[in-house]
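Undergrad: Here you go, one structure.
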There are 2 protein chains.
Amino acid sequence: MVSAIQRDPLFMKVRRVILEAIQSGQFAQGNLLPPEKILAQEFQVSRATVRNALQSLEDDNIIRKQHGVGTFVVPENSRLKMRIDKVKGFYQLIGDSGYEPSIRKTEMSRDLIPDRLSEILEVPRRSEALILKRTFMGDGKPAIDLCEYIPVNNLSSEPQPGEVPDSVFEFADKFCPDRIEYTITEIIPTTVSISVAEAMGLPRNHPILKLEEVHFNRTDKPMIFSEIYVNDRIIRFTVFRTRVSFI
Amino acid sequence: MVSAIQRDPLFMKVRRVILEAIQSGQFAQGNLLPPEKILAQEFQVSRATVRNALQSLEDDNIIRKQHGVGTFVVPENSRLKMRIDKVKGFYQLIGDSGYEPSIRKTEMSRDLIPDRLSEILEVPRRSEALILKRTFMGDGKPAIDLCEYIPVNNLSSEPQPGEVPDSVFEFADKFCPDRIEYTITEIIPTTVSISVAEAMGLPRNHPILKLEEVHFNRTDKPMIFSEIYVNDRIIRFTVFRTRVSFI
DNA sequence: AAGTGGTCTAGACCACGTT
DNA sequence: ACGTGGTCTAGACCACTTG
């Protein structure tokens, strides 16, 4: 079952206050935040809690800490919204990219699962899967073409047309016995096939990004496979990488 | 100046011991690690230190924690070595992909910087840059074609041919006034041009992944631009993504 | 020398999932 | 009810950068 209620931890409250202060440009003198000690006093919390809040902001590339110096606000222009390692859903992604998101259609069908996918999803060959096809649009133009394969054995109830959520995470919450705990994505350059060219409104042989995603439950069992084509005229993925020293 | 010496924190020692135990399959009964409390007692450290060690292992997708349940070893087959958000250097990346890495050549030249890059690197138009071109091989076949642009004003000393490090991070450490603090990478699908096709030994119009990287120093100043072509027959990038709930 | 973030301790209580 | 990881405290000292 999906637990919807969860108390908001203290550090998340602190995070929100700091984030608002950043966004309203409050302590933006030189983009330097007050020291952790001061923040702790100000918020009447321990330094560990402040550090927890700052850590979560650093993960999102909002701030950057430097040992012996201080905590800096990362300039807007090097913030990244289309981080491929932070994708939550394509609808939101298109919005973040500055386009008006919409969904053209949702096709739902049942069919035998391709042999390659039955291996990846660890289900018997020639077993059945629910197949969902959708095209996400940005400003009315095709941005993302998506095809999801859910083996019928991984379904806990049968979705009706019209009640399919935008995001695969919500889909699993509603219609699968387990939620998706993590996802592994492979990035593949390719050129558009005839069918994709048609769906995306692109010339044949146009280069395009293909993503193959496998969604796992908490016991590391693969649940769902997604095949995704991304129109690079609308969506450009980025990666943020900090220097790491140790192994 | 680059500080080479740094004391190894306690939690890194703990991390190493846990990692070795995982790799030697020691506490692999059901892939469940002992509780944090027990680990703390065993290593004679505080629970916070154990948590710090476990956190770093979780970041690397070695373990996965689940609130109320325990800490699990992630199965080998869903470990990822070619995480695009964790790339340290291409030489190592090729090795991680299971190929014998080598470097074909390093071309070094000075030339005017292209207008587009002068904007990205925030230097005056028509200023000069050091240009480094290299091809990384895997098992003798071209795997990665790399072209780096370093504005001459961002150099602190002049590299001699033969003393150019494999990694751009080490290059900046040696020949630039600042080290690279973080990198933003854009992922672009494209097809090979004539020159790249030649360098990579690929047919014309073959789809290929292009990466455009901008390397920043600690003051968010762009220092170096890299243009990278990745042969997807040898290197396949992956992304690891866990479910996140809050904003 | 001063001030910052990084590490570490020894406790305590809470939230979550299982039994 | 129990055991797990998650959060939080109040302190201490260390490592790094800068003046």
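Every chain in the structure tokens has a letter given in the order shown (A, B, ...), and although residue numbers restart at 1 in each chain, ligands are simply numbered from 1 in the order shown.
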Among region 155-232 of chain B, which ones does DSSP place in strand (DSSP E or B), written as a list in words?
TA: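 Listing strand (DSSP E or B) positions across region 155-232 of chain B yields Tyr182, Thr183, Ile184, Thr185, Glu186, Ile187, Ile188, Pro189, Thr190, Thr191, Pro207, Ile208, Leu209, Lys210, Leu211, Glu212, Glu213, Val214, His215, Phe216, Pro222, Met223, Ile224, Phe225, Ser226, Glu227, Ile228, Tyr229 and Val230 of chain B.
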Undergrad: Residues of chain D no more than 10 Å from chain B, counting only C-alpha atoms (C1' of nucleotides): send them over as an NGL selection string.
TA: :D and (3-6 or 14-16)
Undergrad: Could the residues in this selection be saved with C-alpha atoms (C1' of nucleotides) as a PDB file, in the first residue's frame?
TA:
ATOM      1  C1'  DG D   3      13.337  -3.951  15.113  1.00  0.00           C
ATOM      2  C1'  DT D   4      14.771  -1.243  11.424  1.00  0.00           C
ATOM      3  C1'  DG D   5      16.481   3.100   9.463  1.00  0.00           C
ATOM      4  C1'  DG D   6      15.343   8.429   9.854  1.00  0.00           C
ATOM      5  C1'  DC D  14      39.832  18.549  12.832  1.00  0.00           C
ATOM      6  C1'  DA D  15      40.959  20.236   8.038  1.00  0.00           C
ATOM      7  C1'  DC D  16      40.849  23.734   4.864  1.00  0.00           C
TER       8       DC D  16
END
Undergrad: Check every residue of chain A for an atom within 6 Å of chain B, counting only C-alpha atoms, and provide those that qualify as a list in words.
TA: Asp85, Glu181, Tyr182, Thr183, Ile184, Thr185, Glu186, Ile187, Pro189, Thr190, Pro207, Ile208, Leu209, Phe237, Thr238, Val239, Phe240, Arg241, Thr242 and Arg243 of chain A
Undergrad: Between CA of Ser97 (chain A) and CA of Gly25 (chain A), what is the spacing in Å?
TA: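 CA of Gly25 (chain A) sits 23.2 Å away from CA of Ser97 (chain A).
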Undergrad: When the cut-off is 12 Å and we count only C-alpha atoms (C1' of nucleotides), which residues of chain C are near chain A, given as an MDAnalysis selection string?
TA: chainID C and resid 2:8 14:17
Undergrad: Mind checking which residues fall within 10 Å of Ile234 (chain B), counting only C-alpha atoms (C1' of nucleotides), ignoring those fewer than 5 positions away in the same chain, and posting them as a list in words?
TA: Ile94, Ser97, Gly98, Tyr99, Met137, Gly138, Asp139, Lys141, Pro142, Ala143 and Ile144 of chain B
Undergrad: To one decimal place in Å, what is the distance between CA of Asp145 (chain A) and CA of Gly89 (chain A)?
TA: 12.9 Å
Undergrad: Considering only C-alpha atoms (C1' of nucleotides), return as an MDAnalysis selection string whatever protein or nucleic-acid residues lie within 8 Å of region 117-121 of chain B, sequence-local ones (same chain, fewer than 4 positions apart) excluded.
TA: chainID B and resid 113 125:127 214 221:225
